[in-house]
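One structure is given below, encoded as structure tokens.
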Amino acid sequence: MKPSEPSSADSGSSSLQRQDATSPKNKATNGAADMTRRMVCGGLAGMIAKTATNPLDRIRMLSQTGEHGIAGSTTNKRITPLQLYKSILQNEGILGLWAGNGANLLRVFPAKSIVFSSNDFYRGVSHSLYFGTDDDNNTTTQQRQQRMQQLPWTLSFLSGGLAGMTASAATYPLDLARGRITGKLAGPGGKKHYKGIVNTVLTTAREEGVRALYKGVTPTLLGAMPYEGIKFGTVGLLERAFPKPATHLDTEEDRGGILSN
């Protein structure tokens with residue numbers, strides 16, 4: 001016996017499902033879900049990377065500030081990373097290698113999330129300004145994606161740079177707290193001037209004023225602009241060099257739902 005062919009009702013139902021999947025409402029929902037996924041993945045990846053490299057970052061910060069309490073450090077004698085490592089263990093123990101990591105994690109997750117989400121926002125604004133506003137009834141998802149990939153390198157650079165500046169400005173007090181915690185070794189008896197993230201923020205605001213929480217923010221923003229701009233600008237160049245191939249659903253949508261008839 002021949003297998004039964006799908007009825008016209010089944011064909012109509014599947015066609016309606018395809019049309020509903022590509023409706024403007026579902027496109028917006030899928031776009032929001034994709035942005036959330038990118039925010040979570042980017043944040044978690046940043047947290048893992050920062051935790052793994054925090055001991056090296058702690059040694060670097062102590063080397064820059066000179067607040068490591070090693071005898072003879074005021075002379076021209078060079079302090080090696082190994083000496084700094086031993087000094088941290090002697091004064092603060094093994095956990096001292098991860099001092100400031102809490103502030104790092106609290107900063108990295110929102111910072112990475114803000115970078116990815118705000119870059120999408122700025123790219124969308126650049127797309128609207130460069131190509132004009134899309135008509136959802138006449139412009140397919142694939143066409144919009146192709147246009148996003150066709151953004152000039154300068155606009156990709158600008159979008160990424162603005163995203164980096166937005167993230168840096170939003171999380172700078174946490175970055176300041178991390179720097180102050182990791183940049184000063186505990187004194188005799190393990191006494192610390194800054195004891196945790198909240199204590200660092202409150203102590204800084206009490207002793208130096210609230211504006212001190214943004215001390216040094218200008219060079220940070222100026223550094224974030226080219227760093228994130230070059231990164232996302234390079235991604236934009238690679239997207240144009242290697243465009244995303246059309247998927248089966250995109251092909252159906254570009255045909256204007258011809259398969260549903």
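Labeling convention for the structure tokens: chains A, B, ... as they appear, residues from 1 per chain, ligands from 1 in order of appearance.
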
- request: For Ile59 of chain A, list every protein, DNA or RNA residue within 10 Å, evaluated using only C-alpha atoms, and leave out those in the same chain fewer than 5 positions away; present the list as an MDAnalysis selection string.
  value: chainID A and resid 54 64 68 80:85 87:88 97 182:183

query: Could you write out, as an MDAnalysis selection string, all the residues of segment 33-207 of chain A that DSSP marks as alpha helix (DSSP H)?
result: chainID A and resid 33:65 81:92 101:131 141:149 153:182 197:207

message: With only C-alpha atoms as the counted atoms, please give the residues lying no more than 12 Å from segment 171-176 of chain A, apart from itself and same-chain residues fewer than 6 positions off, as a count of residues only.
response: 43

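Between atom CA of Ala167 of chain A and atom CA of Glu67 of chain A there is a distance of 28.7 Å.
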
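Shortest separation to Gln90 of chain A among A:Glu208, A:Lys231, A:Phe131, A:Ala186 occurs at residue A:Ala186, atoms counted being only C-alpha atoms.
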
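The coordinates place atom CA of Thr166 of chain A at 7.6 Å from atom CA of Ser118 of chain A.
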
message: Can you pull out the residues contacting Gly187 of chain A? Cut-off 10 Å, using only C-alpha atoms, and skip same-chain residues under 4 positions away; I want them as a PyMOL selection string.
response: chain A and resi 67-69+91-92+191-193

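Comparing the minimum interatomic distances between Leu62 of chain A and each of A:Leu237, A:Ile230, A:Ile181, A:Leu158, counting only C-alpha atoms, we find that A:Ile181 sits nearest.
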
message: Give me the residues near Thr234 of chain A as a list of chain:residue names, where near means some atom within 12 Å (using only C-alpha atoms) and where sequence neighbours in that chain fewer than 6 positions away do not count.
response: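 Listed by chain and then number, they are A:Gln149, A:Leu151, A:Pro152, A:Trp153, A:Thr154, A:Leu155, A:Ser156, A:Phe157, A:Leu158, A:Ser159, A:Gly160, A:Gly161, A:Pro226, A:Tyr227, A:Glu228, A:Arg240, A:Ala241.
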
field: Option closest in space to Asp120 of chain A, from A:Lys50, A:Arg178, A:Arg60, A:Arg38 [counting only C-alpha atoms]
entry: A:Arg38

message: What's the separation between atom CA of Arg123 of chain A and atom CA of Leu162 of chain A, in Å to one decimal place?
response: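 Here the two named atoms are 10.1 Å from each other.
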